[in-house]
Every structure is written in C-alpha cells, then in structure tokens.
Amino acid sequence: MRSCWALPLLASFCVLSLVPSTHGWGKDGHYTTCKLAESLFSSATASAVQTLLEPTGAQDLASLCSWADQVRFRFHWSSALHFADIQDPNACNFQYDRDCIDTNGVLGRCVVGAIYNYTGQLLDYVNGTQTGYNYTQSLLFLSHFMGDVHQPLHCGHAVDKGGNTIEVHWYRRKSNLHHVSPSLASSVVNSRVSLQRSLLNKTYGAQVWDSDIISTEEHDFYSKNVDDLVAAISQNITGDWSTSVQGWETCSGGQPPCPALYANESAQAACDWAYRGVTDGSTLEDDYFYSRYPIVNWQLAKGGVRLAAVLNNIFGQSS
C-alpha cells in the first residue's frame, strides 16, 4: 500500500497564502525546474497537469513549484521528504537502505522514497485504481521533490545536515565590472553590483547552494530576471547539452523515475563541488562562484528534463 502523506488541498492552500515567500534557489530554482519541464511536456501531459491545477486557480505548474517548501514547517511530516542525508561522512554515494531514513530511522522517509510514492499516486490517478489521494497535491509534491533531489546538498552529509551547520561568508570584497556578463556591461544594474558585495555576508553552506549562487547569477548575468535564466538553460538543453538529454531521461532497466540514481549523482556532486575547498568560516568568492554556477545550471537542467520525462511517462499511460 502506498503511503498517503497527504493533506486536504483546501487547508494546504490556505496555509500557502500565510507563509512568507522565499527567494533565490528555493523559489527561483524550483520555478526554473518546472518551467523547463513545462516546455518539454507532451500535449497529453500539459492537458492532465492543467486539469490537476484547476482547483488551485494557477495557470502553470511553475508558479506552484515552491508550494511544498511553504508548507513543510507547518506540516512537519513532510520535512524529511525534501532530502536524503548521506549517513556515512566519508561516502559520496547514495544507498537506499542506509540513507533513505528519517531521524527516527523509518525507511523510505526521504526524497527518493517520496518521488517513488507520489509517482505511484499519480499512476493510480491515471489508471483509476485508487481513490482518496489528493492528486493535485501529489503532482505538486512530485514536481518539487524532483527539484530537491538534484540540489547536491539535499543529498549532502548527515553529519553537517547537508551543509546547514557549515558557516561561511559569501563574498567579502567589492565587486567590479568584470563580475558582470559582457552582454550586460552597459546595463544600469552594474552600478549596484559592487554595493551588493561590499558587505561581509555571513551564511551557511546550504544557503549558498539554496540561494546565493543562483541569485548572484541572476543579478550579474540576467538583470535579476529568472525567465532569462530559464531561457539560457533551455537553449543549452536544445543546444550544447542536447547529446546528454537522452541519458538524463532514461533509467537503466525501467521507466522513469529512478530517484536513487538522481540522489547518487547529487551526492557525488556535493563532494566534488559543494564541499570541496570549504571549511567552517571560509569566504567564498569568484573562484567558487564561477566554478559552481555552471554545476547549478546543469543540475537545474537535469531536474527539468527528468521531471518532464516522469510526467510524460505517467500521463502517457492512459488509453
């Protein structure tokens, strides 16, 4: 029997309006993942998604892709479903039996288990074999968790709570024109870049990957416009990264999703990119930002492509 992990939809969306909105990776990263996926939906998927969104009044999935974050602290049962902490502090890989547990040791209570669970609920919806689930909520949770599993520190080490206990500083010196993309060199936004980075910004490793990298990228390269970031990544998906897309969409020995694979990739990326060169008290500046933001974009692209592949597979099941 599938886990329900569900709430009455009306109550959930009332809570949504009471929770302060968040910015950076939390909001824009999930928006980007879902916006990229929407551009890859089949017509059947687009129609099914729109039907499921009707009770919310939303016109697109991307606008609600942060919903799961906005209810996680009020509905504590969902908090453990956003990540898969790697229990071995020396490991850079995900193992389901070792790592897909909550703080009480309950197996399956992690982002990987959640993706399997909500995929199953939506398959039940398509096949008409189950009732009682809130399928709109199933869609929103699945779409959000497909973003979470591609954020490397959501598959970081349990010992530091996925980077949440590592205190760092994000830039401590003034910026100048070379921090800005040449295409924006004449933009008025340049005058605000040095001001933004003239302060010593105390933060935590997890926040760097949740918000700081992507918000800095948007500020410096895209005039703070998330849709321009989406367009740039979309262009890479159909251009330079197109040879990788088929591999992202498929799962060895079965249909998507394969979230254990996604978590394993993210755990490796956490070791290779998020943790590397970082210690408590580190100041992270250009070397870190310029080498890491392409990884963020790559992960966002994989999340978007894979979310579309999962939903296209689910909604392609109907006769």
# chains A, B, ... in the order shown; residues from 1 in each chain; ligands from 1
>>> select_by_dssp(residues="segment 136-306 of chain A", states="strand (DSSP E or B)", output="MDAnalysis selection string")
chainID A and resid 157 167:170 202:204 251 254 283:284
>>> write_last_selection(atoms="N, CA and C atoms", output="CSV table (one decimal), in the first residue's frame")
chain,number,residue,atom,x,y,z
A,157,HIS,N,25.9,15.4,3.5
A,157,HIS,CA,26.2,14.5,4.6
A,157,HIS,C,25.3,14.8,5.8
A,167,GLU,N,29.3,27.2,8.5
A,167,GLU,CA,29.2,28.6,8.4
A,167,GLU,C,30.3,29.2,7.5
A,168,VAL,N,29.8,29.9,6.5
A,168,VAL,CA,30.8,30.5,5.5
A,168,VAL,C,30.4,32.0,5.3
A,169,HIS,N,31.2,32.7,4.5
A,169,HIS,CA,30.9,34.0,4.1
A,169,HIS,C,30.8,34.0,2.5
A,170,TRP,N,29.8,34.7,2.0
A,170,TRP,CA,29.6,34.8,0.6
A,170,TRP,C,30.0,36.2,0.1
A,202,LYS,N,27.4,36.8,6.1
A,202,LYS,CA,27.5,35.6,6.8
A,202,LYS,C,26.4,34.7,6.4
A,203,THR,N,26.7,33.4,6.1
A,203,THR,CA,25.7,32.5,5.7
A,203,THR,C,26.1,31.1,6.0
A,204,TYR,N,25.4,30.1,5.5
A,204,TYR,CA,25.8,28.7,5.7
A,204,TYR,C,25.9,28.0,4.4
A,251,CYS,N,16.1,5.5,-17.6
A,251,CYS,CA,16.6,4.7,-16.4
A,251,CYS,C,17.0,3.3,-16.8
A,254,GLY,N,14.2,0.3,-16.8
A,254,GLY,CA,12.9,0.6,-16.5
A,254,GLY,C,12.5,2.0,-16.9
A,283,THR,N,35.5,32.0,3.3
A,283,THR,CA,35.0,33.1,2.5
A,283,THR,C,34.9,32.6,1.0
A,284,LEU,N,33.7,32.6,0.4
A,284,LEU,CA,33.6,32.1,-0.9
A,284,LEU,C,33.4,33.2,-1.9
>>> atom_distance(atom1="atom CA of Thr131 of chain A", atom2="atom CA of Tyr118 of chain A")
13.8 Å
>>> residues_around(residues="segment 224-229 of chain A", least_positions_apart="5", cutoff="9 Å", atoms="only C-alpha atoms", output="compact mmCIF listing (two decimals) with N, CA, C and O atoms, in the first residue's frame")
# COMPACT_ATOMS: atom_id res chain seq x y z
N ASP A 28 13.30 30.45 -7.06
CA ASP A 28 13.66 30.54 -8.48
C ASP A 28 14.20 29.22 -9.02
O ASP A 28 13.99 28.90 -10.19
N GLY A 29 14.89 28.46 -8.18
CA GLY A 29 15.38 27.17 -8.64
C GLY A 29 14.25 26.22 -8.96
O GLY A 29 14.25 25.54 -9.99
N TYR A 31 11.11 27.10 -9.59
CA TYR A 31 10.41 27.69 -10.74
C TYR A 31 11.12 27.30 -12.03
O TYR A 31 10.47 26.90 -13.02
N THR A 32 12.44 27.40 -12.03
CA THR A 32 13.22 27.07 -13.22
C THR A 32 13.05 25.62 -13.61
O THR A 32 12.82 25.28 -14.78
N LYS A 35 9.54 25.18 -14.99
CA LYS A 35 9.36 25.89 -16.26
C LYS A 35 10.06 25.15 -17.39
O LYS A 35 9.53 25.03 -18.51
N VAL A 189 22.31 48.04 -14.10
CA VAL A 189 22.40 47.15 -12.96
C VAL A 189 23.83 47.06 -12.45
O VAL A 189 24.07 46.75 -11.29
N SER A 215 21.07 33.43 -7.07
CA SER A 215 20.68 34.84 -7.02
C SER A 215 21.82 35.73 -7.51
O SER A 215 21.57 36.76 -8.17
N THR A 216 23.06 35.34 -7.25
CA THR A 216 24.19 36.09 -7.77
C THR A 216 24.26 35.97 -9.29
O THR A 216 24.51 36.95 -10.00
N GLU A 217 24.02 34.78 -9.80
CA GLU A 217 24.00 34.57 -11.25
C GLU A 217 22.91 35.41 -11.90
O GLU A 217 23.15 36.08 -12.93
N GLU A 218 21.71 35.39 -11.34
CA GLU A 218 20.63 36.20 -11.89
C GLU A 218 20.99 37.68 -11.87
O GLU A 218 20.72 38.41 -12.83
N HIS A 219 21.57 38.13 -10.77
CA HIS A 219 21.91 39.55 -10.62
C HIS A 219 22.96 39.97 -11.64
O HIS A 219 22.84 41.01 -12.30
N SER A 234 17.42 26.58 -21.15
CA SER A 234 16.65 25.89 -22.19
C SER A 234 17.43 25.85 -23.50
O SER A 234 17.43 24.83 -24.21
N ASN A 297 23.40 25.18 -12.89
CA ASN A 297 22.60 25.20 -14.12
C ASN A 297 22.43 23.79 -14.70
O ASN A 297 21.34 23.44 -15.18
>>> atom_distance(atom1="atom CA of Gln95 of chain A", atom2="atom CA of Trp209 of chain A")
22.6 Å
>>> closest_residue(among="A:Ser138, A:Gln151, A:Ser42, A:Thr238", to="Gly120 of chain A", atoms="only C-alpha atoms")
A:Ser138
>>> residues_around(residues="segment 153-156 of chain A", least_positions_apart="5", cutoff="6 Å", atoms="only C-alpha atoms", output="MDAnalysis selection string")
chainID A and resid 83:86 162 266:267 270
>>> atom_distance(atom1="atom CA of Gln246 of chain A", atom2="atom CA of His30 of chain A")
21.8 Å
>>> closest_residue(among="A:Ser291, A:Gln235, A:Asn127, A:Gln268", to="Pro152 of chain A", atoms="only C-alpha atoms")
A:Gln268
>>> closest_residue(among="A:Gly128, A:Gly108, A:Gly247, A:Gly277", to="Leu81 of chain A", atoms="only C-alpha atoms")
A:Gly108
>>> residues_around(residues="Ser63 of chain A", least_positions_apart="2", cutoff="12 Å", atoms="only C-alpha atoms", output="count of residues only")
25
>>> residues_around(residues="Tyr293 of chain A", least_positions_apart="2", cutoff="12 Å", atoms="only C-alpha atoms", output="VMD selection string")
chain A and resid 25 208 to 218 220 to 221 229 233 273 to 274 285 to 291 295 to 300
>>> write_last_selection(atoms="N, CA, C and O atoms", output="tab-separated table (two decimals), in the first residue's frame")
chain	number	residue	atom	x	y	z
A	25	TRP	N	17.35	30.20	-4.72
A	25	TRP	CA	17.19	28.83	-5.17
A	25	TRP	C	15.86	28.25	-4.72
A	25	TRP	O	15.20	27.55	-5.45
A	208	VAL	N	24.24	28.78	0.49
A	208	VAL	CA	24.98	29.13	-0.73
A	208	VAL	C	24.38	28.39	-1.92
A	208	VAL	O	24.16	28.97	-2.98
A	209	TRP	N	24.09	27.10	-1.73
A	209	TRP	CA	23.55	26.31	-2.84
A	209	TRP	C	22.05	26.47	-2.98
A	209	TRP	O	21.50	26.32	-4.07
A	210	ASP	N	21.36	26.78	-1.90
A	210	ASP	CA	19.92	27.01	-2.00
A	210	ASP	C	19.60	28.34	-2.67
A	210	ASP	O	18.62	28.45	-3.40
A	211	SER	N	20.42	29.36	-2.41
A	211	SER	CA	20.01	30.69	-2.87
A	211	SER	C	21.14	31.56	-3.40
A	211	SER	O	20.97	32.26	-4.39
A	212	ASP	N	22.30	31.56	-2.75
A	212	ASP	CA	23.30	32.57	-3.06
A	212	ASP	C	23.87	32.46	-4.47
A	212	ASP	O	24.05	33.46	-5.16
A	213	ILE	N	24.17	31.24	-4.90
A	213	ILE	CA	24.76	31.09	-6.23
A	213	ILE	C	23.79	31.54	-7.31
A	213	ILE	O	24.13	32.33	-8.20
A	214	ILE	N	22.56	31.06	-7.24
A	214	ILE	CA	21.62	31.38	-8.31
A	214	ILE	C	21.20	32.84	-8.27
A	214	ILE	O	21.03	33.47	-9.31
A	215	SER	N	21.07	33.43	-7.07
A	215	SER	CA	20.68	34.84	-7.02
A	215	SER	C	21.82	35.73	-7.51
A	215	SER	O	21.57	36.76	-8.17
A	216	THR	N	23.06	35.34	-7.25
A	216	THR	CA	24.19	36.09	-7.77
A	216	THR	C	24.26	35.97	-9.29
A	216	THR	O	24.51	36.95	-10.00
A	217	GLU	N	24.02	34.78	-9.80
A	217	GLU	CA	24.00	34.57	-11.25
A	217	GLU	C	22.91	35.41	-11.90
A	217	GLU	O	23.15	36.08	-12.93
A	218	GLU	N	21.71	35.39	-11.34
A	218	GLU	CA	20.63	36.20	-11.89
A	218	GLU	C	20.99	37.68	-11.87
A	218	GLU	O	20.72	38.41	-12.83
A	220	ASP	N	24.00	39.16	-11.78
A	220	ASP	CA	25.13	39.55	-12.61
A	220	ASP	C	24.89	39.34	-14.10
A	220	ASP	O	25.40	40.10	-14.92
A	221	PHE	N	24.15	38.30	-14.45
A	221	PHE	CA	24.05	37.92	-15.86
A	221	PHE	C	22.67	38.18	-16.48
A	221	PHE	O	22.58	38.28	-17.70
A	229	LEU	N	17.12	33.46	-17.13
A	229	LEU	CA	17.91	32.29	-16.73
A	229	LEU	C	17.30	31.03	-17.30
A	229	LEU	O	18.02	30.17	-17.85
A	233	ILE	N	19.18	28.36	-19.95
A	233	ILE	CA	19.35	26.93	-19.70
A	233	ILE	C	18.60	26.12	-20.76
A	233	ILE	O	19.11	25.10	-21.25
A	273	TRP	N	31.82	19.35	-5.65
A	273	TRP	CA	31.64	20.78	-5.89
A	273	TRP	C	31.18	21.56	-4.65
A	273	TRP	O	31.70	22.65	-4.40
A	274	ALA	N	30.23	21.06	-3.92
A	274	ALA	CA	29.71	21.84	-2.80
A	274	ALA	C	30.69	21.88	-1.63
A	274	ALA	O	31.00	22.95	-1.10
A	285	GLU	N	34.24	33.31	-2.87
A	285	GLU	CA	34.19	34.45	-3.78
A	285	GLU	C	34.21	33.96	-5.22
A	285	GLU	O	33.57	32.96	-5.54
A	286	ASP	N	34.93	34.69	-6.08
A	286	ASP	CA	34.87	34.41	-7.52
A	286	ASP	C	35.23	32.99	-7.89
A	286	ASP	O	34.56	32.36	-8.72
A	287	ASP	N	36.31	32.44	-7.32
A	287	ASP	CA	36.73	31.10	-7.69
A	287	ASP	C	35.61	30.10	-7.46
A	287	ASP	O	35.38	29.20	-8.28
A	288	TYR	N	34.94	30.25	-6.34
A	288	TYR	CA	33.85	29.33	-6.03
A	288	TYR	C	32.64	29.60	-6.91
A	288	TYR	O	32.09	28.67	-7.51
A	289	PHE	N	32.25	30.84	-7.02
A	289	PHE	CA	31.05	31.17	-7.79
A	289	PHE	C	31.20	30.77	-9.26
A	289	PHE	O	30.32	30.09	-9.82
A	290	TYR	N	32.29	31.12	-9.90
A	290	TYR	CA	32.43	30.88	-11.34
A	290	TYR	C	32.63	29.41	-11.67
A	290	TYR	O	32.32	28.99	-12.79
A	291	SER	N	33.12	28.63	-10.72
A	291	SER	CA	33.26	27.19	-10.98
A	291	SER	C	32.01	26.41	-10.59
A	291	SER	O	31.81	25.29	-11.07
A	295	ILE	N	27.50	24.24	-12.53
A	295	ILE	CA	27.00	22.98	-11.96
A	295	ILE	C	25.55	23.15	-11.53
A	295	ILE	O	24.72	22.27	-11.74
A	296	VAL	N	25.23	24.29	-10.93
A	296	VAL	CA	23.84	24.58	-10.57
A	296	VAL	C	22.96	24.54	-11.81
A	296	VAL	O	21.89	23.91	-11.82
A	297	ASN	N	23.40	25.18	-12.89
A	297	ASN	CA	22.60	25.20	-14.12
A	297	ASN	C	22.43	23.79	-14.70
A	297	ASN	O	21.34	23.44	-15.18
A	298	TRP	N	23.48	23.01	-14.65
A	298	TRP	CA	23.45	21.63	-15.14
A	298	TRP	C	22.44	20.81	-14.33
A	298	TRP	O	21.64	20.06	-14.90
A	299	GLN	N	22.46	20.99	-13.02
A	299	GLN	CA	21.52	20.26	-12.16
A	299	GLN	C	20.08	20.72	-12.39
A	299	GLN	O	19.16	19.91	-12.39
A	300	LEU	N	19.87	22.02	-12.56
A	300	LEU	CA	18.54	22.52	-12.87
A	300	LEU	C	18.03	21.93	-14.18
A	300	LEU	O	16.87	21.55	-14.30
>>> select_by_dssp(residues="segment 81-147 of chain A", states="alpha helix (DSSP H)", output="ChimeraX atom specification")
/A:96-99,111-127,135-147
>>> write_last_selection(atoms="C-alpha atoms", output="compact mmCIF listing (two decimals), in the first residue's frame")
# COMPACT_ATOMS: atom_id res chain seq x y z
CA TYR A 96 18.71 3.46 -0.17
CA ASP A 97 18.81 1.22 2.91
CA ARG A 98 21.49 3.35 4.57
CA ASP A 99 20.39 6.84 3.61
CA VAL A 111 13.26 12.49 -1.10
CA VAL A 112 13.90 9.28 -3.03
CA GLY A 113 11.08 7.43 -1.28
CA ALA A 114 8.82 10.45 -1.74
CA ILE A 115 9.41 10.55 -5.50
CA TYR A 116 8.51 6.86 -5.76
CA ASN A 117 5.45 7.43 -3.59
CA TYR A 118 3.96 10.39 -5.44
CA THR A 119 4.76 8.86 -8.82
CA GLY A 120 2.73 5.85 -7.72
CA GLN A 121 -0.15 8.03 -6.60
CA LEU A 122 -0.31 9.76 -9.97
CA LEU A 123 -0.19 6.41 -11.76
CA ASP A 124 -3.15 5.36 -9.62
CA TYR A 125 -4.94 8.55 -10.71
CA VAL A 126 -4.33 7.80 -14.38
CA ASN A 127 -5.33 4.16 -14.05
CA TYR A 135 -3.80 14.13 -6.75
CA THR A 136 -3.22 17.84 -7.19
CA GLN A 137 -1.07 17.70 -4.12
CA SER A 138 0.65 14.56 -5.42
CA LEU A 139 1.62 16.49 -8.55
CA LEU A 140 2.96 19.44 -6.57
CA PHE A 141 4.98 17.30 -4.20
CA LEU A 142 6.44 15.19 -7.01
CA SER A 143 7.39 18.26 -9.06
CA HIS A 144 9.06 19.90 -6.06
CA PHE A 145 10.93 16.80 -4.94
CA MET A 146 12.27 16.26 -8.45
CA GLY A 147 13.95 19.64 -7.99
>>> decode(residues="segment 142-156 of chain A", atoms="all heavy atoms", output="CSV table (one decimal), in the first residue's frame")
chain,number,residue,atom,x,y,z
A,142,LEU,N,5.5,15.9,-6.1
A,142,LEU,CA,6.4,15.2,-7.0
A,142,LEU,C,7.3,16.2,-7.8
A,142,LEU,O,8.5,16.0,-7.9
A,142,LEU,CB,5.7,14.3,-8.0
A,142,LEU,CG,6.5,13.7,-9.1
A,142,LEU,CD1,7.6,12.7,-8.5
A,142,LEU,CD2,5.6,12.9,-10.1
A,143,SER,N,6.7,17.3,-8.3
A,143,SER,CA,7.4,18.3,-9.1
A,143,SER,C,8.5,19.0,-8.2
A,143,SER,O,9.6,19.2,-8.7
A,143,SER,CB,6.4,19.3,-9.6
A,143,SER,OG,5.5,18.7,-10.5
A,144,HIS,N,8.1,19.2,-7.0
A,144,HIS,CA,9.1,19.9,-6.1
A,144,HIS,C,10.2,19.0,-5.7
A,144,HIS,O,11.4,19.4,-5.7
A,144,HIS,CB,8.3,20.4,-4.8
A,144,HIS,CG,9.2,21.1,-3.9
A,144,HIS,ND1,9.4,22.5,-3.9
A,144,HIS,CD2,10.0,20.7,-2.9
A,144,HIS,CE1,10.2,22.8,-3.0
A,144,HIS,NE2,10.6,21.8,-2.3
A,145,PHE,N,9.9,17.7,-5.4
A,145,PHE,CA,10.9,16.8,-4.9
A,145,PHE,C,11.9,16.4,-6.1
A,145,PHE,O,13.0,16.1,-5.8
A,145,PHE,CB,10.3,15.6,-4.3
A,145,PHE,CG,9.6,15.8,-3.0
A,145,PHE,CD1,8.4,15.1,-2.7
A,145,PHE,CD2,10.0,16.8,-2.2
A,145,PHE,CE1,7.8,15.3,-1.5
A,145,PHE,CE2,9.3,17.1,-1.0
A,145,PHE,CZ,8.2,16.3,-0.6
A,146,MET,N,11.4,16.5,-7.3
A,146,MET,CA,12.3,16.3,-8.5
A,146,MET,C,13.3,17.4,-8.6
A,146,MET,O,14.4,17.2,-9.1
A,146,MET,CB,11.5,16.2,-9.7
A,146,MET,CG,10.8,14.8,-9.9
A,146,MET,SD,11.9,13.4,-10.1
A,146,MET,CE,12.6,13.8,-11.8
A,147,GLY,N,13.0,18.6,-8.1
A,147,GLY,CA,13.9,19.6,-8.0
A,147,GLY,C,14.9,19.4,-6.8
A,147,GLY,O,16.1,19.5,-7.0
A,148,ASP,N,14.3,19.1,-5.7
A,148,ASP,CA,15.2,18.9,-4.5
A,148,ASP,C,16.3,17.8,-4.7
A,148,ASP,O,17.4,18.0,-4.2
A,148,ASP,CB,14.3,18.4,-3.3
A,148,ASP,CG,13.6,19.6,-2.6
A,148,ASP,OD1,14.0,20.8,-2.9
A,148,ASP,OD2,12.7,19.4,-1.8
A,149,VAL,N,15.9,16.7,-5.3
A,149,VAL,CA,16.9,15.6,-5.4
A,149,VAL,C,18.0,16.0,-6.3
A,149,VAL,O,19.1,15.3,-6.2
A,149,VAL,CB,16.1,14.3,-5.9
A,149,VAL,CG1,15.9,14.4,-7.4
A,149,VAL,CG2,16.9,13.1,-5.6
A,150,HIS,N,17.9,17.0,-7.1
A,150,HIS,CA,19.0,17.5,-8.0
A,150,HIS,C,19.8,18.6,-7.3
A,150,HIS,O,20.8,19.0,-7.9
A,150,HIS,CB,18.5,17.9,-9.3
A,150,HIS,CG,18.0,16.7,-10.2
A,150,HIS,ND1,16.7,16.2,-10.2
A,150,HIS,CD2,18.7,16.0,-11.0
A,150,HIS,CE1,16.7,15.2,-11.0
A,150,HIS,NE2,17.8,15.0,-11.5
A,151,GLN,N,19.5,19.0,-6.1
A,151,GLN,CA,20.3,20.0,-5.4
A,151,GLN,C,21.3,19.2,-4.6
A,151,GLN,O,21.0,18.5,-3.7
A,151,GLN,CB,19.4,20.9,-4.5
A,151,GLN,CG,19.9,22.2,-4.2
A,151,GLN,CD,20.9,22.2,-3.0
A,151,GLN,OE1,21.9,21.5,-3.1
A,151,GLN,NE2,20.7,23.1,-2.0
A,152,PRO,N,22.6,19.4,-4.9
A,152,PRO,CA,23.6,18.5,-4.3
A,152,PRO,C,23.6,18.4,-2.8
A,152,PRO,O,23.7,17.3,-2.3
A,152,PRO,CB,24.9,19.1,-4.8
A,152,PRO,CG,24.6,19.6,-6.2
A,152,PRO,CD,23.2,20.2,-6.0
A,153,LEU,N,23.4,19.5,-2.1
A,153,LEU,CA,23.4,19.4,-0.7
A,153,LEU,C,22.1,18.9,-0.1
A,153,LEU,O,22.0,18.7,1.1
A,153,LEU,CB,23.7,20.8,-0.1
A,153,LEU,CG,25.2,21.1,-0.2
A,153,LEU,CD1,25.5,22.5,0.4
A,153,LEU,CD2,26.1,20.1,0.5
A,154,HIS,N,21.1,18.6,-0.9
A,154,HIS,CA,19.9,17.9,-0.4
A,154,HIS,C,20.3,16.4,-0.3
A,154,HIS,O,19.5,15.6,0.2
A,154,HIS,CB,18.7,18.1,-1.3
A,154,HIS,CG,18.0,19.4,-1.0
A,154,HIS,ND1,16.7,19.4,-0.5
A,154,HIS,CD2,18.4,20.7,-1.0
A,154,HIS,CE1,16.3,20.6,-0.3
A,154,HIS,NE2,17.3,21.4,-0.6
A,155,CYS,N,21.4,16.0,-0.9
A,155,CYS,CA,22.0,14.7,-0.7
A,155,CYS,C,23.4,14.8,-0.1
A,155,CYS,O,24.3,14.1,-0.5
A,155,CYS,CB,22.0,14.0,-2.1
A,155,CYS,SG,20.4,13.7,-2.8
A,156,GLY,N,23.5,15.8,0.8
A,156,GLY,CA,24.8,16.0,1.5
A,156,GLY,C,24.9,15.1,2.7
A,156,GLY,O,24.1,14.2,2.9
